[in-house]
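Here is my_file.txt, consisting of compact mmCIF, C-alpha atoms:
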```txt
# COMPACT_ATOMS: atom_id res chain seq x y z
CA MET A 8 0.00 0.00 0.00
CA ALA A 9 1.43 3.34 -1.02
CA LEU A 10 1.31 6.00 1.68
CA ARG A 11 0.47 9.54 0.62
CA ARG A 12 3.16 11.92 1.71
CA ASN A 13 2.02 15.12 3.30
CA CYS A 14 3.83 17.92 1.49
CA ARG A 15 1.99 20.84 3.13
CA LEU A 16 4.73 22.47 5.18
CA LEU A 17 2.84 25.66 6.01
CA ILE A 18 -0.27 25.06 8.02
CA GLU A 19 -2.37 28.03 8.95
CA PRO A 20 -3.66 28.06 12.53
CA PRO A 21 -7.41 27.72 12.81
CA ALA A 22 -9.15 31.09 12.54
CA SER A 23 -11.15 30.35 15.69
CA ALA A 24 -7.93 30.52 17.78
CA THR A 25 -7.03 34.12 16.86
CA GLY A 26 -9.25 35.49 19.63
CA ASP A 27 -7.49 33.29 22.20
CA ILE A 28 -4.06 34.30 20.90
CA ALA A 29 -4.93 38.02 21.00
CA PHE A 30 -6.29 37.64 24.55
CA ASN A 31 -3.15 35.87 25.74
CA LEU A 32 -0.96 38.52 24.14
CA ILE A 33 -2.92 41.30 25.87
CA VAL A 34 -2.60 39.56 29.25
CA PHE A 35 1.12 38.94 28.68
CA PHE A 36 1.89 42.60 27.95
CA LEU A 37 -0.38 43.76 30.79
CA VAL A 38 1.56 41.64 33.28
CA CYS A 39 4.90 42.80 31.83
CA ALA A 40 3.84 46.44 32.19
CA SER A 41 2.65 46.03 35.77
CA VAL A 42 5.88 44.45 37.05
CA GLN A 43 8.25 47.10 35.75
CA PRO A 44 10.86 47.70 38.45
CA ASP A 45 10.71 51.02 40.27
CA SER A 46 13.73 53.25 40.46
CA GLY A 47 14.37 55.64 43.29
CA ARG A 48 16.71 57.14 45.86
CA LYS A 49 17.67 55.33 49.02
CA GLN A 50 17.69 57.53 52.08
CA THR A 51 18.92 56.67 55.52
CA ILE A 52 17.14 58.74 58.12
CA PRO A 53 18.30 58.27 61.71
CA LYS A 54 15.64 56.88 64.04
CA ALA A 55 13.38 59.49 65.55
CA GLU A 56 14.19 60.67 69.03
CA GLN A 57 12.62 63.39 71.09
CA THR A 58 15.03 66.10 72.13
CA GLU A 59 14.41 69.32 73.89
CA GLN A 60 15.22 72.36 71.85
CA LYS A 61 18.39 73.89 73.17
CA ASP A 62 21.03 76.30 72.02
CA GLN A 63 23.08 74.65 69.32
CA GLN A 64 26.61 74.60 70.70
CA THR A 65 27.98 72.33 68.00
CA ASP A 66 28.37 73.70 64.49
CA THR A 67 25.96 71.32 62.80
CA ILE A 68 25.00 72.37 59.28
CA SER A 69 21.38 73.40 59.12
CA VAL A 70 19.18 73.75 56.07
CA GLU A 71 15.82 75.43 56.24
CA LEU A 72 13.26 74.95 53.48
CA THR A 73 10.31 77.14 52.68
CA ARG A 74 7.85 76.78 49.79
CA GLN A 75 10.40 78.03 47.25
CA ALA A 76 13.55 79.12 49.08
CA VAL A 77 16.51 77.39 50.72
CA PHE A 78 18.48 78.74 53.67
CA LEU A 79 21.90 77.29 54.43
CA ASP A 80 22.92 78.07 58.02
CA GLY A 81 20.45 80.96 57.91
CA ASP A 82 21.69 82.45 54.62
CA PRO A 83 19.37 82.41 51.59
CA VAL A 84 20.86 80.39 48.73
CA THR A 85 19.73 80.05 45.12
CA PRO A 86 18.94 76.47 44.00
CA SER A 87 21.89 76.50 41.57
CA ASP A 88 24.34 77.63 44.29
CA PHE A 89 23.10 75.23 46.92
CA GLY A 90 24.89 72.10 45.60
CA PRO A 91 28.40 73.61 45.41
CA ARG A 92 28.02 75.45 48.74
CA ILE A 93 26.85 72.44 50.73
CA LYS A 94 29.62 70.35 49.14
CA ALA A 95 32.24 72.92 50.14
CA LYS A 96 30.93 72.92 53.72
CA LEU A 97 30.87 69.11 53.93
CA ASP A 98 34.26 68.65 52.31
CA ALA A 99 35.78 70.81 55.03
CA ARG A 100 34.66 68.24 57.63
CA SER A 101 36.45 64.92 57.88
CA ASN A 102 34.61 63.35 60.80
CA PRO A 103 31.42 61.49 59.64
CA ALA A 104 29.57 62.72 62.75
CA GLU A 105 30.11 66.29 61.57
CA LYS A 106 28.51 65.55 58.21
CA VAL A 107 25.04 65.49 59.70
CA VAL A 108 22.79 68.09 58.07
CA VAL A 109 19.67 69.09 59.96
CA VAL A 110 16.81 69.78 57.55
CA LYS A 111 13.90 71.82 58.83
CA SER A 112 10.96 72.40 56.50
CA LYS A 113 8.09 74.84 56.69
CA PRO A 114 4.75 72.96 56.68
CA ASP A 115 3.95 74.09 53.12
CA THR A 116 7.23 72.90 51.54
CA PRO A 117 6.36 70.79 48.48
CA TYR A 118 7.86 67.31 48.08
CA ASN A 119 9.59 68.07 44.76
CA HIS A 120 11.50 70.95 46.39
CA TRP A 121 12.32 68.84 49.45
CA ILE A 122 13.61 65.85 47.48
CA ALA A 123 15.71 68.09 45.19
CA VAL A 124 17.46 69.68 48.19
CA THR A 125 17.93 66.49 50.25
CA SER A 126 19.28 64.71 47.12
CA GLN A 127 21.93 67.40 46.74
CA ILE A 128 22.88 67.07 50.42
CA GLU A 129 23.31 63.29 50.07
CA ASP A 130 25.20 63.59 46.79
CA ALA A 131 27.58 65.98 48.56
CA GLY A 132 28.20 63.34 51.26
CA GLY A 133 25.89 64.68 53.95
CA ILE A 134 23.65 62.67 56.29
CA VAL A 135 20.12 64.06 56.29
CA THR A 136 18.37 64.39 59.63
CA LEU A 137 14.88 65.81 59.90
CA GLN A 138 13.91 68.26 62.56
CA LEU A 139 10.19 68.02 63.16
CA GLU A 140 8.19 70.22 65.42
CA GLU A 141 5.95 68.35 67.78
CA GLU A 142 2.43 69.58 68.35
CA GLN A 143 1.60 69.81 72.01
CA THR A 144 -1.74 70.48 73.60
CA VAL A 145 -1.56 72.41 76.82
CA THR A 146 -4.61 72.45 79.02
CA VAL A 147 -4.94 75.54 81.14
CA PRO A 148 -6.83 74.86 84.38
CA MET B 8 -5.10 22.83 23.21
CA ALA B 9 -7.93 24.72 24.94
CA MET B 10 -7.10 23.09 28.28
CA GLY B 11 -3.61 24.57 28.12
CA ASP B 12 -5.02 28.04 27.40
CA ILE B 13 -7.46 27.79 30.29
CA ALA B 14 -4.74 26.65 32.70
CA PHE B 15 -2.46 29.48 31.53
CA ASN B 16 -5.18 32.11 31.99
CA LEU B 17 -6.07 30.78 35.44
CA LEU B 18 -2.41 30.89 36.43
CA ILE B 19 -2.06 34.53 35.36
CA PHE B 20 -5.34 35.42 37.10
CA PHE B 21 -4.12 34.03 40.42
CA VAL B 22 -0.65 35.56 40.02
CA ILE B 23 -2.25 39.00 39.62
CA LEU B 24 -4.63 38.33 42.50
CA ALA B 25 -1.74 37.32 44.76
CA ARG B 26 -0.13 40.73 44.37
CA ALA B 27 -1.82 42.03 47.50
CA GLN B 28 0.39 45.10 47.72
CA ASP B 29 -0.75 46.38 44.36
CA ASP B 30 -1.13 50.15 44.44
CA SER B 31 -1.35 50.73 40.70
CA HIS B 32 -4.87 52.13 41.04
CA LEU B 33 -3.62 55.13 43.06
CA GLN B 34 -3.10 58.48 41.36
CA TRP B 35 0.17 60.26 42.07
CA THR B 36 2.88 61.99 40.05
CA PRO B 37 6.48 61.33 41.07
CA ALA B 38 8.93 64.15 41.74
CA LYS B 39 12.17 64.28 39.77
CA ALA B 40 15.66 63.58 41.07
CA SER B 41 19.04 62.43 39.82
CA ASN B 42 21.35 59.49 40.57
CA LEU B 43 18.59 56.91 40.84
CA GLU B 44 19.08 53.25 41.47
CA ASN B 45 16.88 50.19 41.18
CA ALA B 46 14.59 49.97 44.20
CA GLY B 47 14.58 46.16 44.08
CA HIS B 48 12.00 43.93 45.71
CA SER B 49 9.93 45.31 48.56
CA MET B 50 7.18 43.97 50.79
CA VAL B 51 5.90 47.40 51.76
CA SER B 52 4.87 50.42 49.73
CA VAL B 53 3.54 53.67 51.15
CA VAL B 54 1.75 56.16 48.90
CA VAL B 55 0.67 59.77 49.46
CA ASP B 56 -1.61 60.36 46.50
CA ASN B 57 -2.72 63.52 44.70
CA GLU B 58 -5.60 63.94 47.20
CA ASN B 59 -3.14 63.84 50.13
CA LYS B 60 -4.49 60.47 51.25
CA LEU B 61 -2.12 57.95 52.79
CA TYR B 62 -2.04 54.28 51.71
CA LEU B 63 -0.08 51.28 52.92
CA ASN B 64 0.11 48.51 50.28
CA GLY B 65 -2.90 50.02 48.53
CA GLN B 66 -5.09 50.25 51.65
CA GLU B 67 -5.90 53.64 53.15
CA ILE B 68 -4.42 54.16 56.61
CA GLY B 69 -3.95 56.96 59.17
CA VAL B 70 -0.48 58.31 59.89
CA ALA B 71 -0.85 57.40 63.58
CA GLN B 72 -1.17 53.69 62.72
CA LEU B 73 1.50 53.70 60.02
CA ALA B 74 4.63 52.88 62.07
CA SER B 75 3.08 49.85 63.78
CA ALA B 76 1.50 48.63 60.53
CA ILE B 77 4.87 48.81 58.73
CA GLU B 78 6.52 46.97 61.64
CA ASP B 79 3.91 44.22 61.31
CA GLN B 80 4.52 43.95 57.57
CA LEU B 81 8.31 43.84 57.90
CA GLY B 82 8.25 41.37 60.81
CA ASP B 83 11.69 39.96 61.56
CA ALA B 84 13.09 40.61 58.09
CA PRO B 85 16.87 41.05 58.24
CA ALA B 86 18.64 44.26 57.30
CA GLY B 87 18.71 44.70 53.55
CA GLU B 88 15.27 43.11 53.17
CA ARG B 89 13.39 45.85 55.01
CA THR B 90 12.89 48.11 52.01
CA VAL B 91 9.91 50.44 52.15
CA LEU B 92 8.98 52.16 48.90
CA LEU B 93 7.75 55.70 49.45
CA LYS B 94 5.69 57.17 46.63
CA VAL B 95 4.77 60.77 47.32
CA HIS B 96 2.85 63.03 44.94
CA HIS B 97 5.22 65.80 43.82
CA GLU B 98 2.99 68.57 45.22
CA ALA B 99 2.37 66.98 48.63
CA ILE B 100 3.46 69.28 51.45
CA ALA B 101 5.95 68.65 54.27
CA GLN B 102 3.21 68.69 56.89
CA ARG B 103 1.88 65.53 55.21
CA PHE B 104 4.96 63.58 54.08
CA GLU B 105 7.44 64.27 56.91
CA PRO B 106 5.45 62.33 59.55
CA VAL B 107 5.30 59.47 57.03
CA ILE B 108 9.11 59.46 56.68
CA GLU B 109 9.39 59.57 60.48
CA ALA B 110 7.04 56.57 60.77
CA VAL B 111 9.10 54.53 58.29
CA SER B 112 12.25 55.39 60.22
CA GLU B 113 10.57 54.48 63.51
CA ALA B 114 9.51 51.10 62.11
CA GLY B 115 13.11 50.36 61.09
CA GLY B 116 12.42 50.37 57.36
CA ASP B 117 15.01 51.10 54.67
CA LEU B 118 13.48 54.07 52.92
CA VAL B 119 13.51 54.35 49.12
CA HIS B 120 11.91 57.42 47.56
CA ILE B 121 10.34 56.44 44.24
CA VAL B 122 11.03 59.32 41.86
CA ASP B 123 11.54 59.89 38.15
CA ASP B 124 14.93 60.46 36.63
CA VAL B 125 15.47 64.17 36.11
CA LYS B 126 16.88 63.46 32.62
CA LYS B 127 13.75 61.59 31.51
CA LYS B 128 11.22 63.69 29.59
```
Take the structure I supplied and represent it as structure tokens, if you would.
Amino acid sequence: MALRRNCRLLIEPPASATGDIAFNLIVFFLVCASVQPDSGRKQTIPKAEQTEQKDQQTDTISVELTRQAVFLDGDPVTPSDFGPRIKAKLDARSNPAEKVVVVKSKPDTPYNHWIAVTSQIEDAGGIVTLQLEEEQTVTVP
Amino acid sequence: MAMGDIAFNLLIFFVILARAQDDSHLQWTPAKASNLENAGHSMVSVVVDNENKLYLNGQEIGVAQLASAIEDQLGDAPAGERTVLLKVHHEAIAQRFEPVIEAVSEAGGDLVHIVDDVKKK
């Protein structure tokens, strides 16, 4: 008995499967898009501790942030000058404990301003520490 | 053939469902910064959205409960595996986001600010 040889090398997939294939492709790309890795900036903030406000004897660098301005040790600084100036201050200190920079923000300071300034402090080798004001309720008898 | 498709779809369905910390439904715009690095895998994500609401792993939470909730999520994870992703809307104000940063620090989390690269348009 002679067997018929199948010479059809190209076989089209059944048309009914195209819907399934399209659906699987959509799901595949959806999953790929949702698991894209995030990129960001690591920040090490020392653990919170409550300290009484006292006269600053040590010459810790302080940065004060308002809605748009930056003050370095009380002096107003333009955003373009801030990076080089904080770097110069930090480079003059060799001891890591002296590289702590206390950042105090006004309540209305926006996050994009805050992250831009703290990024520059860290890039210059500083250690960011936040100074938060604690709300206290005092009951008068 | 169809059995394979069904199994595959069920698998993907449960994989998506298992992502309990999904916060992709929240609306926020990242701030821009330079020198970014890959945030890696994290068990905890904290979001301050464009309505100033606070979320932990996609669930709304108050700032007073945040530190203890993060501690619960991190458990006894060793150092290096205690990453907390912080996603703050670029216009959120310090009064809102600073207590959140303090809470992450209090819970012993390794803070990573999720931001966009300043070079990216």
### Spatial neighbours of range 67-81 of chain B, 12 Å, all atoms listed in the file, chain gap at least 3 places, as number ranges by chain
A: 54-55; B: 28, 30, 33, 49-56, 58-64, 84-93, 102-118
Selected residues written out, C-alpha atoms, as an mmCIF file, in the coordinates of the input:
```
data_model
loop_
_atom_site.group_PDB
_atom_site.id
_atom_site.type_symbol
_atom_site.label_atom_id
_atom_site.label_comp_id
_atom_site.auth_asym_id
_atom_site.auth_seq_id
_atom_site.Cartn_x
_atom_site.Cartn_y
_atom_site.Cartn_z
ATOM 1 C CA LYS A 54 15.640 56.880 64.040
ATOM 2 C CA ALA A 55 13.380 59.490 65.550
ATOM 3 C CA GLN B 28 0.390 45.100 47.720
ATOM 4 C CA ASP B 30 -1.130 50.150 44.440
ATOM 5 C CA LEU B 33 -3.620 55.130 43.060
ATOM 6 C CA SER B 49 9.930 45.310 48.560
ATOM 7 C CA MET B 50 7.180 43.970 50.790
ATOM 8 C CA VAL B 51 5.900 47.400 51.760
ATOM 9 C CA SER B 52 4.870 50.420 49.730
ATOM 10 C CA VAL B 53 3.540 53.670 51.150
ATOM 11 C CA VAL B 54 1.750 56.160 48.900
ATOM 12 C CA VAL B 55 0.670 59.770 49.460
ATOM 13 C CA ASP B 56 -1.610 60.360 46.500
ATOM 14 C CA GLU B 58 -5.600 63.940 47.200
ATOM 15 C CA ASN B 59 -3.140 63.840 50.130
ATOM 16 C CA LYS B 60 -4.490 60.470 51.250
ATOM 17 C CA LEU B 61 -2.120 57.950 52.790
ATOM 18 C CA TYR B 62 -2.040 54.280 51.710
ATOM 19 C CA LEU B 63 -0.080 51.280 52.920
ATOM 20 C CA ASN B 64 0.110 48.510 50.280
ATOM 21 C CA ALA B 84 13.090 40.610 58.090
ATOM 22 C CA PRO B 85 16.870 41.050 58.240
ATOM 23 C CA ALA B 86 18.640 44.260 57.300
ATOM 24 C CA GLY B 87 18.710 44.700 53.550
ATOM 25 C CA GLU B 88 15.270 43.110 53.170
ATOM 26 C CA ARG B 89 13.390 45.850 55.010
ATOM 27 C CA THR B 90 12.890 48.110 52.010
ATOM 28 C CA VAL B 91 9.910 50.440 52.150
ATOM 29 C CA LEU B 92 8.980 52.160 48.900
ATOM 30 C CA LEU B 93 7.750 55.700 49.450
ATOM 31 C CA GLN B 102 3.210 68.690 56.890
ATOM 32 C CA ARG B 103 1.880 65.530 55.210
ATOM 33 C CA PHE B 104 4.960 63.580 54.080
ATOM 34 C CA GLU B 105 7.440 64.270 56.910
ATOM 35 C CA PRO B 106 5.450 62.330 59.550
ATOM 36 C CA VAL B 107 5.300 59.470 57.030
ATOM 37 C CA ILE B 108 9.110 59.460 56.680
ATOM 38 C CA GLU B 109 9.390 59.570 60.480
ATOM 39 C CA ALA B 110 7.040 56.570 60.770
ATOM 40 C CA VAL B 111 9.100 54.530 58.290
ATOM 41 C CA SER B 112 12.250 55.390 60.220
ATOM 42 C CA GLU B 113 10.570 54.480 63.510
ATOM 43 C CA ALA B 114 9.510 51.100 62.110
ATOM 44 C CA GLY B 115 13.110 50.360 61.090
ATOM 45 C CA GLY B 116 12.420 50.370 57.360
ATOM 46 C CA ASP B 117 15.010 51.100 54.670
ATOM 47 C CA LEU B 118 13.480 54.070 52.920
#
```
### Message
To one decimal place in Å, what is the distance between CA of Ala40 in chain A and CA of Ser23 in chain A?
### Response
27.5 Å
With 6 Å as the cut-off and all atoms listed in the file counted, what is the closest atom pair between each nearby residue of chain A and chain B? Distances in Å to one decimal, ordered by chain and number, as a tab-separated table.
```
residue	atom	partner	partner_atom	distance
A:Asp45	CA	B:Ala46	CA	5.6
A:Ser46	CA	B:Asn45	CA	4.5
A:Gly47	CA	B:Ile121	CA	4.2
A:Arg48	CA	B:His120	CA	5.1
A:Lys49	CA	B:Val119	CA	4.3
A:Gln50	CA	B:Leu118	CA	5.5
A:Lys54	CA	B:Ser112	CA	5.3
A:Pro114	CA	B:Gln102	CA	4.5
A:Asp115	CA	B:Ile100	CA	5.1
A:Thr116	CA	B:Ala101	CA	5.2
A:Pro117	CA	B:Ile100	CA	4.4
A:Tyr118	CA	B:His97	CA	5.2
A:Asn119	CA	B:Ala38	CA	5.0
```
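CA of His32 in chain B lies 22.4 Å from CA of Asn31 in chain A.
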Box along x, y and z, 4 Å on every side, all listed atoms of range 66-80 of chain B inside: centre and edge lengths in Å to one decimal, as lines of an AutoDock Vina configuration file.
```
center_x = 0.3
center_y = 51.1
center_z = 57.7
size_x = 20.4
size_y = 22.4
size_z = 20.1
```
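For the set A:Cys39, A:Ile93, A:Val107, A:Ile33, the residue with the smallest atom-to-atom gap to Gln127 in chain A is A:Ile93, counting only C-alpha atoms.
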### Task
List the neighbours of Asp66 in chain A out to 12 Å using only C-alpha atoms; skip same-chain residues closer than 3 positions along the sequence, and give me the result as number ranges by chain.
A: 62-63, 69, 80, 96-97, 100, 104-109
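Between CA of Leu37 in chain A and CA of Asn57 in chain B the separation is 24.3 Å.
For the residues A:Ile52, A:Ile68, A:Ile18, A:Ala24, ranking by smallest atom-to-atom distance to Ala95 in chain A using all atoms listed in the file places A:Ile68 first.
Neighbouring residues of Asp88 in chain A at 12 Å or closer, counting only C-alpha atoms and skipping chain neighbours under 3 positions away, are Ala76, Val77, Phe78, Leu79, Asp82, Pro83, Val84, Thr85, Pro91, Arg92, Ile93, Lys94, Ala95, Val124 and Gln127 of chain A.
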Could those selected residues go to a file with C-alpha atoms, as a short mmCIF file (atom, residue, chain, number, x, y, z; two decimals), in the coordinates of the input?
```cif
data_model
loop_
_atom_site.label_atom_id
_atom_site.label_comp_id
_atom_site.auth_asym_id
_atom_site.auth_seq_id
_atom_site.Cartn_x
_atom_site.Cartn_y
_atom_site.Cartn_z
CA ALA A 76 13.55 79.12 49.08
CA VAL A 77 16.51 77.39 50.72
CA PHE A 78 18.48 78.74 53.67
CA LEU A 79 21.90 77.29 54.43
CA ASP A 82 21.69 82.45 54.62
CA PRO A 83 19.37 82.41 51.59
CA VAL A 84 20.86 80.39 48.73
CA THR A 85 19.73 80.05 45.12
CA PRO A 91 28.40 73.61 45.41
CA ARG A 92 28.02 75.45 48.74
CA ILE A 93 26.85 72.44 50.73
CA LYS A 94 29.62 70.35 49.14
CA ALA A 95 32.24 72.92 50.14
CA VAL A 124 17.46 69.68 48.19
CA GLN A 127 21.93 67.40 46.74
#
```
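Of the residues under consideration (A:Leu17, A:Gly26, A:Ala99, A:Thr136), A:Thr136 shows the shortest atom-to-atom contact distance to Ser112 in chain A when counting all atoms listed in the file.
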### A:Ile122, A:Ile128, A:Ala29, A:Val110 ranked by distance to Val70 in chain A, top pick (using all atoms listed in the file)
A:Val110
Starting from the sparse input, extend range 104-114 of chain A to all heavy atoms and give the output as a short mmCIF file (atom, residue, chain, number, x, y, z; two decimals), in the frame of the given file.
```
data_model
loop_
_atom_site.label_atom_id
_atom_site.label_comp_id
_atom_site.auth_asym_id
_atom_site.auth_seq_id
_atom_site.Cartn_x
_atom_site.Cartn_y
_atom_site.Cartn_z
N ALA A 104 30.58 62.18 61.84
CA ALA A 104 29.57 62.72 62.75
C ALA A 104 29.30 64.20 62.47
O ALA A 104 28.22 64.72 62.78
CB ALA A 104 30.02 62.54 64.19
N GLU A 105 30.28 64.85 61.87
CA GLU A 105 30.11 66.29 61.57
C GLU A 105 29.39 66.51 60.23
O GLU A 105 29.11 67.64 59.87
CB GLU A 105 31.49 66.96 61.52
CG GLU A 105 32.18 67.02 62.85
CD GLU A 105 33.59 67.58 62.73
OE1 GLU A 105 34.20 67.43 61.65
OE2 GLU A 105 34.07 68.19 63.71
N LYS A 106 29.15 65.42 59.52
CA LYS A 106 28.51 65.55 58.21
C LYS A 106 26.99 65.47 58.29
O LYS A 106 26.30 65.36 57.27
CB LYS A 106 29.04 64.47 57.26
CG LYS A 106 30.53 64.62 57.01
CD LYS A 106 30.96 64.03 55.70
CE LYS A 106 32.46 64.26 55.52
NZ LYS A 106 32.83 64.59 54.17
N VAL A 107 26.49 65.50 59.52
CA VAL A 107 25.04 65.49 59.70
C VAL A 107 24.48 66.86 59.32
O VAL A 107 25.00 67.88 59.74
CB VAL A 107 24.67 65.13 61.16
CG1 VAL A 107 23.19 65.35 61.43
CG2 VAL A 107 25.06 63.70 61.47
N VAL A 108 23.44 66.84 58.49
CA VAL A 108 22.79 68.09 58.07
C VAL A 108 21.34 68.06 58.57
O VAL A 108 20.59 67.16 58.23
CB VAL A 108 22.81 68.23 56.52
CG1 VAL A 108 22.12 69.50 56.09
CG2 VAL A 108 24.23 68.19 56.00
N VAL A 109 21.03 69.02 59.40
CA VAL A 109 19.67 69.09 59.96
C VAL A 109 18.77 69.84 58.98
O VAL A 109 19.05 70.99 58.64
CB VAL A 109 19.68 69.78 61.34
CG1 VAL A 109 18.27 69.88 61.90
CG2 VAL A 109 20.57 69.02 62.30
N VAL A 110 17.73 69.17 58.52
CA VAL A 110 16.81 69.78 57.55
C VAL A 110 15.50 70.10 58.26
O VAL A 110 14.86 69.23 58.85
CB VAL A 110 16.54 68.83 56.36
CG1 VAL A 110 15.52 69.43 55.40
CG2 VAL A 110 17.83 68.51 55.63
N LYS A 111 15.15 71.38 58.21
CA LYS A 111 13.90 71.82 58.83
C LYS A 111 13.03 72.44 57.74
O LYS A 111 13.49 73.34 57.02
CB LYS A 111 14.19 72.83 59.93
CG LYS A 111 13.00 73.14 60.78
CD LYS A 111 13.35 74.12 61.88
CE LYS A 111 12.11 74.43 62.69
NZ LYS A 111 12.34 75.51 63.64
N SER A 112 11.83 71.91 57.58
CA SER A 112 10.96 72.40 56.50
C SER A 112 9.75 73.11 57.05
O SER A 112 9.17 72.70 58.06
CB SER A 112 10.47 71.22 55.66
OG SER A 112 11.52 70.38 55.32
N LYS A 113 9.36 74.17 56.37
CA LYS A 113 8.09 74.84 56.69
C LYS A 113 6.97 73.87 56.29
O LYS A 113 7.13 73.09 55.35
CB LYS A 113 7.96 76.14 55.91
CG LYS A 113 8.94 77.20 56.35
CD LYS A 113 8.44 77.93 57.58
CE LYS A 113 9.47 78.97 58.02
NZ LYS A 113 9.30 79.36 59.42
N PRO A 114 5.81 73.94 56.97
CA PRO A 114 4.75 72.96 56.68
C PRO A 114 4.30 72.93 55.22
O PRO A 114 3.83 71.92 54.74
CB PRO A 114 3.61 73.41 57.59
CG PRO A 114 4.25 74.19 58.67
CD PRO A 114 5.46 74.83 58.08
#
```
